[in-house]
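Visitor: Got a structure for you, target-v5.cif, holding mmCIF, C-alpha atoms (C1' of nucleotides).
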data_start
#
loop_
_atom_site.label_atom_id
_atom_site.label_comp_id
_atom_site.auth_asym_id
_atom_site.auth_seq_id
_atom_site.Cartn_x
_atom_site.Cartn_y
_atom_site.Cartn_z
CA MET A 2 -34.53 11.32 5.40
CA ASN A 3 -32.42 14.42 4.90
CA GLU A 4 -32.78 14.80 1.17
CA GLN A 5 -31.15 18.19 1.18
CA THR A 6 -27.72 16.56 1.35
CA ARG A 7 -28.16 15.69 -2.32
CA LYS A 8 -28.06 19.41 -3.05
CA ARG A 9 -25.21 19.87 -5.46
CA ARG A 10 -22.45 22.15 -4.25
CA PRO A 11 -20.70 24.70 -6.48
CA ALA A 12 -17.80 23.54 -8.62
CA PHE A 13 -14.60 23.19 -6.60
CA ASP A 14 -11.36 25.05 -7.28
CA ARG A 15 -9.17 22.77 -9.41
CA GLU A 16 -5.97 24.64 -8.71
CA LYS A 17 -6.66 24.70 -4.99
CA GLY A 18 -7.19 20.95 -5.22
CA VAL A 19 -3.76 20.49 -6.75
CA GLU A 20 -2.26 22.58 -3.95
CA ILE A 21 -3.90 20.44 -1.27
CA ALA A 22 -2.89 17.25 -3.06
CA GLN A 23 0.68 18.53 -3.30
CA ARG A 24 0.82 19.04 0.42
CA LEU A 25 -0.62 15.59 1.17
CA PHE A 26 1.65 13.78 -1.29
CA HIS A 27 4.67 15.65 0.04
CA GLU A 28 3.82 14.88 3.67
CA ARG A 29 3.12 11.17 3.26
CA GLY A 30 4.29 10.04 -0.18
CA TYR A 31 2.26 8.75 -3.12
CA ASP A 32 1.53 5.26 -1.79
CA ALA A 33 0.43 6.37 1.67
CA VAL A 34 -2.17 8.85 0.33
CA SER A 35 -5.41 7.19 -0.77
CA VAL A 36 -8.06 8.55 -3.09
CA ALA A 37 -10.32 8.67 -0.03
CA ASP A 38 -7.74 10.85 1.75
CA LEU A 39 -7.61 13.18 -1.24
CA THR A 40 -11.36 13.51 -1.71
CA ALA A 41 -11.81 14.12 2.02
CA ALA A 42 -9.14 16.83 2.01
CA LEU A 43 -10.60 18.44 -1.11
CA GLY A 44 -14.17 18.23 0.20
CA ILE A 45 -15.40 16.36 -2.87
CA VAL A 46 -16.44 12.85 -3.86
CA PRO A 47 -14.41 10.46 -6.04
CA PRO A 48 -16.21 11.09 -9.37
CA SER A 49 -15.36 14.80 -9.06
CA LEU A 50 -11.70 13.97 -8.58
CA TYR A 51 -11.65 11.70 -11.60
CA ALA A 52 -13.58 14.18 -13.74
CA ALA A 53 -11.14 16.93 -12.84
CA TYR A 54 -7.78 15.13 -12.85
CA GLY A 55 -8.28 11.76 -14.54
CA SER A 56 -6.68 9.57 -11.90
CA LYS A 57 -4.70 9.58 -8.68
CA ALA A 58 -1.50 9.27 -10.72
CA GLU A 59 -2.37 12.25 -12.93
CA LEU A 60 -3.22 14.36 -9.90
CA PHE A 61 0.15 13.35 -8.46
CA GLU A 62 1.84 14.49 -11.66
CA ARG A 63 0.09 17.87 -11.46
CA ALA A 64 1.07 18.17 -7.80
CA MET A 65 4.67 17.39 -8.76
CA GLN A 66 4.64 20.01 -11.49
CA ARG A 67 3.35 22.56 -9.01
CA TYR A 68 6.05 21.54 -6.56
CA ALA A 69 8.76 21.79 -9.21
CA ALA A 70 7.52 25.23 -10.21
CA GLU A 71 7.31 26.60 -6.68
CA GLN A 72 9.81 24.71 -4.55
CA ALA A 73 12.68 24.04 -6.93
CA LEU A 74 16.12 25.12 -5.75
CA PRO A 75 17.10 28.49 -7.35
CA LEU A 76 19.96 27.09 -9.40
CA ASP A 77 20.23 30.30 -11.43
CA GLU A 78 20.98 32.30 -8.31
CA ILE A 79 23.36 29.67 -6.92
CA PHE A 80 25.35 29.05 -10.09
CA VAL A 81 26.45 32.65 -10.71
CA PRO A 82 29.70 33.01 -12.74
CA GLU A 83 31.56 35.09 -10.15
CA LYS A 84 31.31 32.32 -7.56
CA ALA A 85 33.94 29.61 -7.27
CA PRO A 86 32.48 26.24 -8.36
CA ALA A 87 33.18 24.51 -5.04
CA GLN A 88 31.51 27.38 -3.19
CA ALA A 89 28.51 27.39 -5.53
CA LEU A 90 27.98 23.65 -5.14
CA THR A 91 28.39 23.87 -1.37
CA ASP A 92 25.80 26.66 -1.40
CA LEU A 93 23.56 24.31 -3.37
CA LEU A 94 23.84 21.62 -0.69
CA VAL A 95 23.30 24.10 2.14
CA GLU A 96 20.33 25.63 0.37
CA ALA A 97 18.87 22.15 -0.17
CA ALA A 98 19.29 21.47 3.56
CA ARG A 99 17.23 24.61 4.24
CA TYR A 100 14.56 23.84 1.63
CA TYR A 101 14.12 20.27 2.87
CA THR A 102 13.47 21.49 6.41
CA ALA A 103 11.39 24.55 5.56
CA ASP A 104 8.10 22.91 6.58
CA ASP A 105 7.87 20.68 9.63
CA THR A 106 5.21 18.47 8.07
CA SER A 107 6.41 18.40 4.45
CA ARG A 108 10.01 17.36 4.81
CA GLY A 109 12.62 16.38 2.24
CA CYS A 110 12.41 16.73 -1.53
CA MET A 111 9.07 15.62 -2.97
CA ILE A 112 10.68 14.62 -6.27
CA THR A 113 13.61 12.76 -4.71
CA GLU A 114 11.32 10.81 -2.40
CA GLY A 115 8.79 10.22 -5.17
CA MET A 116 11.46 8.34 -7.10
CA ARG A 117 11.26 5.61 -4.44
CA ALA A 118 7.47 5.14 -4.54
CA ASP A 119 6.13 1.60 -4.75
CA ASP A 120 3.78 2.55 -7.57
CA ARG A 121 5.63 2.25 -10.87
CA VAL A 122 3.82 5.10 -12.63
CA ALA A 123 4.40 7.53 -9.75
CA ARG A 124 8.04 6.49 -9.62
CA GLU A 125 8.51 7.14 -13.33
CA THR A 126 6.78 10.50 -13.05
CA ALA A 127 9.12 11.57 -10.26
CA THR A 128 12.17 10.26 -12.12
CA ARG A 129 11.19 12.25 -15.18
CA MET A 130 10.64 15.38 -13.10
CA ALA A 131 14.10 15.02 -11.56
CA GLU A 132 15.98 15.08 -14.84
CA PRO A 133 16.07 18.84 -15.54
CA GLY A 134 17.61 19.55 -12.15
CA SER A 135 20.18 16.78 -12.51
CA ASP A 136 21.06 17.99 -15.98
CA ALA A 137 21.50 21.58 -14.80
CA ILE A 138 23.89 20.48 -12.08
CA ARG A 139 25.80 18.22 -14.46
CA ASN A 140 26.13 21.01 -17.03
CA TYR A 141 27.40 23.46 -14.44
CA VAL A 142 29.95 20.99 -13.11
CA ALA A 143 31.09 20.07 -16.62
CA GLN A 144 31.84 23.72 -17.37
CA HIS A 145 34.35 23.89 -14.53
CA ASN A 146 35.72 20.38 -14.34
CA PRO A 147 34.85 18.35 -17.44
CA GLU A 148 37.14 15.45 -16.56
CA ARG A 149 35.46 14.73 -13.21
CA ALA A 150 31.99 15.98 -14.12
CA THR A 151 30.28 12.60 -13.86
CA GLU A 152 31.85 11.71 -10.51
CA ILE A 153 31.26 15.10 -8.91
CA THR A 154 27.67 15.26 -10.14
CA ASP A 155 26.95 11.80 -8.78
CA TYR A 156 28.43 12.90 -5.47
CA ILE A 157 26.17 15.95 -5.39
CA LEU A 158 23.05 13.98 -6.34
CA LEU A 159 23.84 11.28 -3.79
CA THR A 160 24.38 13.86 -1.07
CA LEU A 161 21.10 15.56 -1.98
CA ARG A 162 19.37 12.20 -1.55
CA GLY A 163 21.06 11.82 1.82
CA LEU A 164 19.87 15.27 2.86
CA SER A 165 16.31 14.54 1.76
CA SER A 166 16.25 11.19 3.51
CA TYR A 167 17.71 12.65 6.69
CA ALA A 168 15.15 15.45 6.57
CA CYS A 169 12.34 12.89 6.29
CA LEU A 170 13.60 11.27 9.48
CA GLY A 171 12.90 14.56 11.23
CA ARG A 172 16.49 15.69 11.76
CA SER A 173 16.88 19.38 12.52
CA ARG A 174 17.72 22.08 10.04
CA GLU A 175 20.96 22.81 11.91
CA LYS A 176 22.07 19.20 11.59
CA LEU A 177 21.33 19.14 7.87
CA VAL A 178 23.07 22.43 7.17
CA GLU A 179 26.15 21.26 9.07
CA CYS A 180 26.20 18.01 7.08
CA ALA A 181 25.90 20.01 3.86
CA ARG A 182 28.87 22.15 4.88
CA ILE A 183 30.99 19.11 5.69
CA ALA A 184 30.01 17.49 2.39
CA GLY A 185 31.07 20.68 0.64
CA LYS A 186 34.64 20.36 1.87
CA SER A 187 35.23 17.43 -0.48
CA LEU A 188 34.32 19.71 -3.37
CA GLU A 189 37.10 22.17 -2.59
CA GLN A 190 39.61 19.37 -3.05
CA GLU A 191 37.93 18.19 -6.24
CA PHE A 192 38.12 21.63 -7.83
CA ALA A 193 41.53 22.52 -6.41
CA ALA A 194 43.25 19.62 -8.17
CA MET B 1417 -13.40 -33.53 -7.31
CA ASN B 1418 -9.66 -33.77 -6.71
CA GLU B 1419 -9.68 -34.47 -3.04
CA GLN B 1420 -6.02 -35.39 -2.97
CA THR B 1421 -5.09 -31.68 -2.95
CA ARG B 1422 -6.24 -31.61 0.65
CA LYS B 1423 -3.36 -33.93 1.49
CA ARG B 1424 -1.35 -32.18 4.13
CA ARG B 1425 2.27 -31.46 3.23
CA PRO B 1426 5.15 -31.85 5.69
CA ALA B 1427 5.94 -28.99 8.02
CA PHE B 1428 7.87 -26.23 6.30
CA ASP B 1429 11.31 -24.99 7.32
CA ARG B 1430 10.82 -21.94 9.59
CA GLU B 1431 14.35 -20.67 9.22
CA LYS B 1432 14.22 -21.08 5.45
CA GLY B 1433 10.99 -19.07 5.52
CA VAL B 1434 12.72 -16.21 7.31
CA GLU B 1435 15.49 -16.33 4.71
CA ILE B 1436 13.01 -16.10 1.83
CA ALA B 1437 11.08 -13.32 3.59
CA GLN B 1438 14.32 -11.43 4.16
CA ARG B 1439 15.09 -11.51 0.45
CA LEU B 1440 11.56 -10.38 -0.50
CA PHE B 1441 11.43 -7.56 2.08
CA HIS B 1442 14.90 -6.39 1.06
CA GLU B 1443 14.05 -6.41 -2.65
CA ARG B 1444 10.72 -4.57 -2.41
CA GLY B 1445 10.37 -3.10 1.06
CA TYR B 1446 7.85 -3.94 3.78
CA ASP B 1447 4.81 -2.21 2.29
CA ALA B 1448 5.22 -3.63 -1.21
CA VAL B 1449 5.35 -7.25 -0.01
CA SER B 1450 1.93 -8.71 0.79
CA VAL B 1451 1.12 -11.72 2.92
CA ALA B 1452 0.00 -13.40 -0.31
CA ASP B 1453 3.46 -12.75 -1.80
CA LEU B 1454 5.08 -14.27 1.25
CA THR B 1455 2.91 -17.38 1.45
CA ALA B 1456 3.36 -17.97 -2.29
CA ALA B 1457 7.15 -17.67 -1.98
CA LEU B 1458 7.22 -19.94 1.06
CA GLY B 1459 4.87 -22.47 -0.54
CA ILE B 1460 2.42 -22.32 2.35
CA VAL B 1461 -1.03 -20.91 3.15
CA PRO B 1462 -1.72 -17.91 5.41
CA PRO B 1463 -2.63 -19.83 8.60
CA SER B 1464 0.76 -21.55 8.49
CA LEU B 1465 2.51 -18.20 8.28
CA TYR B 1466 0.56 -16.82 11.23
CA ALA B 1467 1.07 -19.99 13.28
CA ALA B 1468 4.81 -19.83 12.65
CA TYR B 1469 5.56 -16.12 12.89
CA GLY B 1470 2.55 -14.38 14.43
CA SER B 1471 2.08 -11.65 11.86
CA LYS B 1472 3.60 -10.01 8.81
CA ALA B 1473 5.26 -7.45 11.08
CA GLU B 1474 6.82 -10.11 13.31
CA LEU B 1475 8.13 -12.01 10.29
CA PHE B 1476 9.62 -8.72 9.10
CA GLU B 1477 11.34 -8.29 12.45
CA ARG B 1478 12.83 -11.79 12.23
CA ALA B 1479 13.95 -11.08 8.67
CA MET B 1480 15.58 -7.87 9.86
CA GLN B 1481 17.36 -9.67 12.68
CA ARG B 1482 18.68 -12.20 10.20
CA TYR B 1483 19.81 -9.37 7.93
CA ALA B 1484 21.54 -7.56 10.79
CA ALA B 1485 23.32 -10.75 11.80
CA GLU B 1486 24.48 -11.66 8.31
CA GLN B 1487 24.82 -8.46 6.33
CA ALA B 1488 25.95 -5.90 8.89
CA LEU B 1489 29.06 -3.92 8.00
CA PRO B 1490 32.13 -5.40 9.78
CA LEU B 1491 32.75 -2.39 12.00
CA ASP B 1492 35.23 -4.33 14.15
CA GLU B 1493 37.46 -4.91 11.15
CA ILE B 1494 37.08 -1.36 9.86
CA PHE B 1495 37.65 0.47 13.16
CA VAL B 1496 41.07 -1.04 13.97
CA PRO B 1497 43.26 1.13 16.23
CA GLU B 1498 46.22 1.31 13.87
CA LYS B 1499 44.16 3.01 11.18
CA ALA B 1500 43.77 6.78 11.00
CA PRO B 1501 40.16 7.78 11.84
CA ALA B 1502 39.56 9.56 8.53
CA GLN B 1503 40.82 6.50 6.68
CA ALA B 1504 38.73 4.12 8.77
CA LEU B 1505 35.55 6.12 8.23
CA THR B 1506 36.27 6.42 4.52
CA ASP B 1507 36.73 2.65 4.45
CA LEU B 1508 33.36 2.37 6.17
CA LEU B 1509 31.69 4.41 3.44
CA VAL B 1510 33.44 2.49 0.65
CA GLU B 1511 32.59 -0.83 2.25
CA ALA B 1512 28.96 0.29 2.55
CA ALA B 1513 28.98 1.15 -1.14
CA ARG B 1514 30.11 -2.40 -1.87
CA TYR B 1515 27.63 -4.05 0.50
CA TYR B 1516 24.73 -2.04 -0.89
CA THR B 1517 25.50 -3.20 -4.42
CA ALA B 1518 26.44 -6.80 -3.62
CA ASP B 1519 23.17 -8.21 -4.95
CA ASP B 1520 21.55 -6.86 -8.09
CA THR B 1521 18.03 -7.50 -6.81
CA SER B 1522 18.47 -6.67 -3.10
CA ARG B 1523 20.00 -3.24 -3.23
CA GLY B 1524 20.72 -0.69 -0.51
CA CYS B 1525 20.57 -1.24 3.23
CA MET B 1526 17.48 -3.13 4.38
CA ILE B 1527 17.50 -1.39 7.75
CA THR B 1528 18.07 2.11 6.37
CA GLU B 1529 15.29 1.69 3.84
CA GLY B 1530 13.01 0.04 6.37
CA MET B 1531 13.13 3.22 8.43
CA ARG B 1532 11.10 4.89 5.65
CA ALA B 1533 8.30 2.30 5.46
CA ASP B 1534 4.73 3.55 5.45
CA ASP B 1535 3.74 1.06 8.13
CA ARG B 1536 4.46 2.52 11.55
CA VAL B 1537 5.33 -0.76 13.24
CA ALA B 1538 7.79 -1.78 10.52
CA ARG B 1539 9.34 1.67 10.64
CA GLU B 1540 9.85 1.49 14.38
CA THR B 1541 11.34 -1.99 14.09
CA ALA B 1542 13.85 -0.76 11.52
CA THR B 1543 14.66 2.34 13.55
CA ARG B 1544 15.33 0.20 16.60
CA MET B 1545 17.54 -2.16 14.58
CA ALA B 1546 19.58 0.78 13.29
CA GLU B 1547 20.61 2.06 16.71
CA PRO B 1548 23.50 -0.30 17.55
CA GLY B 1549 25.27 0.55 14.29
CA SER B 1550 24.75 4.28 14.75
CA ASP B 1551 25.99 4.04 18.33
CA ALA B 1552 29.10 2.12 17.31
CA ILE B 1553 29.98 4.77 14.74
CA ARG B 1554 29.30 7.58 17.20
CA ASN B 1555 31.48 5.96 19.86
CA TYR B 1556 34.33 5.46 17.44
CA VAL B 1557 34.19 9.04 16.23
CA ALA B 1558 33.95 10.38 19.78
CA GLN B 1559 37.16 8.57 20.71
CA HIS B 1560 39.10 10.48 18.07
CA ASN B 1561 37.30 13.80 17.86
CA PRO B 1562 34.95 14.33 20.81
CA GLU B 1563 34.29 17.99 20.00
CA ARG B 1564 32.93 17.28 16.54
CA ALA B 1565 31.59 13.79 17.21
CA THR B 1566 27.93 14.66 16.70
CA GLU B 1567 28.48 16.55 13.45
CA ILE B 1568 30.84 13.98 11.94
CA THR B 1569 28.57 11.09 12.92
CA ASP B 1570 25.56 12.81 11.38
CA TYR B 1571 27.58 13.36 8.22
CA ILE B 1572 28.49 9.65 8.10
CA LEU B 1573 24.91 8.51 8.73
CA LEU B 1574 23.55 10.95 6.16
CA THR B 1575 26.07 9.79 3.58
CA LEU B 1576 25.20 6.15 4.31
CA ARG B 1577 21.55 7.02 3.63
CA GLY B 1578 22.60 8.66 0.39
CA LEU B 1579 24.56 5.58 -0.62
CA SER B 1580 21.64 3.27 0.19
CA SER B 1581 19.18 5.46 -1.67
CA TYR B 1582 21.47 5.73 -4.69
CA ALA B 1583 21.97 1.96 -4.66
CA CYS B 1584 18.19 1.44 -4.68
CA LEU B 1585 18.00 3.57 -7.82
CA GLY B 1586 20.20 0.98 -9.52
CA ARG B 1587 23.39 3.03 -9.75
CA SER B 1588 26.53 0.99 -10.35
CA ARG B 1589 28.93 -0.22 -7.70
CA GLU B 1590 31.70 1.86 -9.29
CA LYS B 1591 29.62 5.04 -9.01
CA LEU B 1592 28.82 4.38 -5.36
CA VAL B 1593 32.40 3.58 -4.44
CA GLU B 1594 33.61 6.75 -6.14
CA CYS B 1595 31.01 8.81 -4.27
CA ALA B 1596 32.12 7.19 -1.01
CA ARG B 1597 35.73 8.11 -1.74
CA ILE B 1598 34.81 11.71 -2.49
CA ALA B 1599 32.71 11.89 0.67
CA GLY B 1600 35.71 10.59 2.60
CA LYS B 1601 37.81 13.58 1.62
CA SER B 1602 35.78 15.81 3.92
CA LEU B 1603 36.74 13.57 6.80
CA GLU B 1604 40.44 14.13 6.31
CA GLN B 1605 39.86 17.83 6.87
CA GLU B 1606 37.66 17.20 9.89
CA PHE B 1607 40.30 15.06 11.60
CA ALA B 1608 43.27 17.16 10.45
CA ALA B 1609 42.06 20.26 12.25
"C1'" DA C 174 -3.87 -49.85 17.62
"C1'" DA C 175 -6.00 -45.84 19.66
"C1'" DC C 176 -5.74 -41.21 20.53
"C1'" DG C 177 -4.47 -36.29 21.53
"C1'" DG C 178 -2.26 -32.41 19.84
"C1'" DC C 179 -0.81 -29.61 16.28
"C1'" DA C 180 0.38 -27.93 11.78
"C1'" DT C 181 -1.66 -28.05 7.78
"C1'" DA C 182 -5.93 -27.20 4.63
"C1'" DT C 183 -10.27 -24.69 2.93
"C1'" DA C 184 -12.82 -20.85 2.94
"C1'" DG C 185 -13.86 -16.41 3.97
"C1'" DC C 186 -14.03 -12.43 7.40
"C1'" DG C 187 -14.36 -7.08 7.47
"C1'" DG C 188 -11.94 -3.50 5.52
"C1'" DT C 189 -9.70 -0.60 2.07
"C1'" DC C 190 -7.93 0.04 -2.48
"C1'" DG C 191 -8.48 2.75 -7.08
"C1'" DC C 192 -12.11 3.64 -9.82
"C1'" DT C 193 -16.90 4.11 -12.21
"C1'" DA C 194 -22.03 3.43 -13.85
"C1'" DT C 195 -25.87 5.98 -13.22
"C1'" DA C 196 -28.84 9.72 -11.72
"C1'" DT C 197 -29.66 14.46 -10.76
"C1'" DA C 198 -28.89 19.35 -9.78
"C1'" DG C 199 -27.40 23.67 -11.40
"C1'" DA C 200 -25.49 26.83 -15.08
"C1'" DC C 201 -25.61 28.30 -19.61
"C1'" DT C 202 -27.75 28.97 -24.29
"C1'" DG C 203 -31.41 29.72 -27.35
"C1'" DC D 1374 -38.87 29.70 -20.42
"C1'" DA D 1375 -37.33 25.10 -22.38
"C1'" DG D 1376 -33.40 22.42 -23.54
"C1'" DT D 1377 -28.69 21.02 -23.17
"C1'" DC D 1378 -24.58 20.11 -20.98
"C1'" DT D 1379 -21.50 19.54 -17.35
"C1'" DA D 1380 -20.20 18.64 -12.69
"C1'" DT D 1381 -21.92 17.08 -8.90
"C1'" DA D 1382 -24.22 13.09 -5.93
"C1'" DT D 1383 -25.27 8.16 -4.63
"C1'" DA D 1384 -23.92 3.77 -4.64
"C1'" DG D 1385 -21.08 0.19 -5.45
"C1'" DC D 1386 -17.83 -2.45 -8.67
"C1'" DG D 1387 -13.95 -6.16 -8.51
"C1'" DA D 1388 -9.54 -6.71 -6.47
"C1'" DC D 1389 -6.69 -6.93 -2.86
"C1'" DC D 1390 -5.34 -6.16 2.06
"C1'" DG D 1391 -3.95 -8.53 6.70
"C1'" DC D 1392 -5.79 -11.98 9.12
"C1'" DT D 1393 -8.66 -16.05 11.10
"C1'" DA D 1394 -12.61 -19.59 12.27
"C1'" DT D 1395 -13.03 -24.08 11.38
"C1'" DA D 1396 -11.99 -28.72 9.66
"C1'" DT D 1397 -8.80 -32.36 8.70
"C1'" DG D 1398 -4.65 -35.10 7.97
"C1'" DC D 1399 -0.34 -36.51 10.10
"C1'" DC D 1400 2.81 -37.52 13.98
"C1'" DG D 1401 4.34 -38.94 18.50
"C1'" DT D 1402 2.94 -41.15 22.54
"C1'" DT D 1403 1.13 -44.76 24.92
#
Take the structure in the file and write it out as structure tokens.

Guide:
Amino acid sequence: MNEQTRKRRPAFDREKGVEIAQRLFHERGYDAVSVADLTAALGIVPPSLYAAYGSKAELFERAMQRYAAEQALPLDEIFVPEKAPAQALTDLLVEAARYYTADDTSRGCMITEGMRADDRVARETATRMAEPGSDAIRNYVAQHNPERATEITDYILLTLRGLSSYACLGRSREKLVECARIAGKSLEQEFAA
Amino acid sequence: MNEQTRKRRPAFDREKGVEIAQRLFHERGYDAVSVADLTAALGIVPPSLYAAYGSKAELFERAMQRYAAEQALPLDEIFVPEKAPAQALTDLLVEAARYYTADDTSRGCMITEGMRADDRVARETATRMAEPGSDAIRNYVAQHNPERATEITDYILLTLRGLSSYACLGRSREKLVECARIAGKSLEQEFAA
DNA sequence: AACGGCATATAGCGGTCGCTATATAGACTG
DNA sequence: CAGTCTATATAGCGACCGCTATATGCCGTT
């Protein structure tokens, strides 16, 4: 019948494809996005996706790298020396609350949520991507309170997970920011002692 | 060939099936447990599962009800009148930390984690199951600090989600309990003011 | 003992999953 | 222009998904 559909279209934009995949994976999570969803969103067919990215998991990794490069919390700006540690870490939580609610459809932290994927490879990718951020927080805390560094860092990371999870439930930005502020009050006591 | 395999086995224990399903769903989450996993664990074939429970989603609901009945935090014991509110709520967080790490293979809160399932029906079931607990906490907080009840309750619920999420990552009971204690320090300030 | 009802069994439905073998169209090189 | 190479297209692989039509063995009733 309509043989013109076989007409080959021009090569698609790889980087644009990663951007679209990033949005999809962030909105729904690795497991809930199928290769069919991805190819439909990218306007291509499966062999093109595999030729360009290798696999769904590798495309996820590229999407995560793009996310980490563009959406990471600005730790450098938050951890400035002239700021009191408790204030800086509270700012970190509040800023996270804002980041996690910046987009109504892509809520929470893509890396944090990726660590809970059902797919083992995706989970390990996300866990690996999370390490630099965790290390940066741990290092900062250790500079100001080496004795309680582990405990305080765990508290921060746990609260960040709470913020991301709460954001994914659709809770408002105001709610999250208020929770971040309350969580920050514990830090004042930790650094005052 | 071996026609004796057709021999029908005695009826299986429905309640025992719910117990096994509860463990599986808690360990891996709704989406990651297939009907084949369930029937294999129960030692039955799919038609028996559907005859007994209706569907995977309905078996999940029964498993959740069993979990809520057996594993719910003892709010009655924690919210005793003679305890200071900040202390009671800190106890709640610490007790949650212990509950969420009671079993090495079934970590976190089954209801909390169920609220993030990919399947819409399972998610709504979990969300519905979570309401009584949230309401009980909100009522307790409102009795002691009506002006800040919403904010404090959100902070508690968010921290509980953080604890559950951290537990699912395999973090130790000691880590979780310490985080719960740190989180509790914010509450002292909230109720002192 | 005969029988009806039901929970089991076998077998397989239509659908989706991630992924790929093969063919062909277009771009680049000589 | 002819030839080569790559990225597209069609079509479909085997595996698994939740679920079920149908047949049969067992039990309780009479």

Visitor: Would you kindly return, as a list in words, each protein, DNA or RNA residue with an atom no farther than 9 Å from any atom of region 184-197 of chain C, considering only C-alpha atoms (C1' of nucleotides) and excluding same-chain residues fewer than 2 positions away?

Guide: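 My reading of the contact set: Arg7, Arg9, Ser35, Val36, Pro47, Pro48, Tyr51, Ser56 and Lys57 of chain A; DT1381, DA1382, DT1383, DG1385, DC1386, DA1388, DC1389, DC1390, DC1392, DT1393 and DA1394 of chain D.
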
Visitor: I want to know what sits within 12 Å of DC176 (chain C), based on all atoms listed in the file, with residues of the same chain fewer than 4 positions away left out; could you give that as a short mmCIF file (atom, residue, chain, number, x, y, z; two decimals) with C-alpha atoms (C1' of nucleotides), keeping the file's coordinate frame?

Guide:
data_model
loop_
_atom_site.label_atom_id
_atom_site.label_comp_id
_atom_site.auth_asym_id
_atom_site.auth_seq_id
_atom_site.Cartn_x
_atom_site.Cartn_y
_atom_site.Cartn_z
"C1'" DC D 1400 2.81 -37.52 13.98
"C1'" DG D 1401 4.34 -38.94 18.50
"C1'" DT D 1402 2.94 -41.15 22.54
"C1'" DT D 1403 1.13 -44.76 24.92
#

Visitor: Each residue of chain B lying at most 6 Å from chain A should get a row with its shortest atom-to-atom pair and the distance in Å to one decimal, counting all atoms listed in the file; could you produce that, ordered by chain and increasing number, as a Markdown table?

Guide:
| residue | atom | partner | partner_atom | distance |
| --- | --- | --- | --- | --- |
| B:Tyr1571 | CA | A:Cys180 | CA | 5.0 |
| B:Leu1574 | CA | A:Gly163 | CA | 5.1 |
| B:Thr1575 | CA | A:Gly163 | CA | 5.7 |
| B:Arg1577 | CA | A:Gly163 | CA | 5.2 |
| B:Gly1578 | CA | A:Gly163 | CA | 3.8 |
| B:Cys1595 | CA | A:Tyr156 | CA | 5.0 |
| B:Lys1601 | CA | A:Ser187 | CA | 5.1 |
| B:Ser1602 | CA | A:Ser187 | CA | 4.7 |

Visitor: Report, in Å to a single decimal, how far apart CA of Arg1589 (chain B) and CA of Leu1508 (chain B) are.

Guide: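 Taking CA of Leu1508 (chain B) and CA of Arg1589 (chain B), their separation equals 14.8 Å.
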
Visitor: What does the C-alpha RMSD come to when chain A is least-squares superposed onto chain B, all C-alpha atoms paired in sequence order?

Guide: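 The fitted C-alpha deviation between chain B and chain A is 0.1 Å.
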
Visitor: Between CA of Phe26 (chain A) and CA of Ala127 (chain A), what is the distance in Å, rounded to a tenth?

Guide: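 Calculated distance between CA of Phe26 (chain A) and CA of Ala127 (chain A) is 11.9 Å.
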
Visitor: I'd like to see the residues matched by the PyMOL selection byres ((chain C) within 12 of (chain B)) on this file, and ideally I'd get them as a CSV table (one decimal) with C-alpha atoms (C1' of nucleotides), keeping the file's coordinate frame.

Guide:
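File expr21.csv, as written:
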chain,number,residue,atom,x,y,z
C,179,DC,C1',-0.8,-29.6,16.3
C,180,DA,C1',0.4,-27.9,11.8
C,181,DT,C1',-1.7,-28.0,7.8
C,182,DA,C1',-5.9,-27.2,4.6
C,183,DT,C1',-10.3,-24.7,2.9
C,184,DA,C1',-12.8,-20.8,2.9

Visitor: Which of these residues is nearest to chain D, using all atoms listed in the file: A:Met130, A:Ala22, A:Ala42, A:Leu50?

Guide: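 Once distances to chain D are computed over all atoms listed in the file, the minimum belongs to A:Leu50.
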
Visitor: Counting all atoms listed in the file, figure out which residue out of B:Val1434, B:Leu1505, B:Val1449, B:Met1480 gets nearest to chain D.

Guide: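 Smallest distance to chain D is found for B:Val1449.
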
Visitor: Once the PyMOL selection byres ((chain B and resi 1490) around 12) is applied to the coordinates I shared, what remains selected? I want it as a PyMOL selection string.

Guide: chain B and resi 1484-1489+1491-1496+1504+1507-1509+1511-1512+1515+1549+1552-1553

Visitor: Apply the PyMOL selection byres ((chain C and resi 201) around 10) to the displayed file and report the matching residues as a list in words.

Guide: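 Output of the PyMOL selection byres ((chain C and resi 201) around 10): DG199, DA200, DT202 and DG203 of chain C; DT1377, DC1378 and DT1379 of chain D.
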
Visitor: Adding 3 Å on each side of the box along x, y and z that holds all listed atoms of region 37-56 of chain A, could you give its centre and edge lengths in Å to one decimal, as AutoDock Vina command-line options?

Guide:
--center_x -11.6 --center_y 13.6 --center_z -6.3 --size_x 15.8 --size_y 15.8 --size_z 22.6

Visitor: What does the distance from CA of Tyr1446 (chain B) to CA of His27 (chain A) come to in Å, to one decimal?

Guide: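 Rounded to one decimal, the two atoms are 20.2 Å apart.
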
Visitor: Looking at all atoms listed in the file, which of B:Ala1558, B:Leu1440, B:Ala1452, B:Ala1502 is the one that sits closest to chain D?

Guide: B:Ala1452
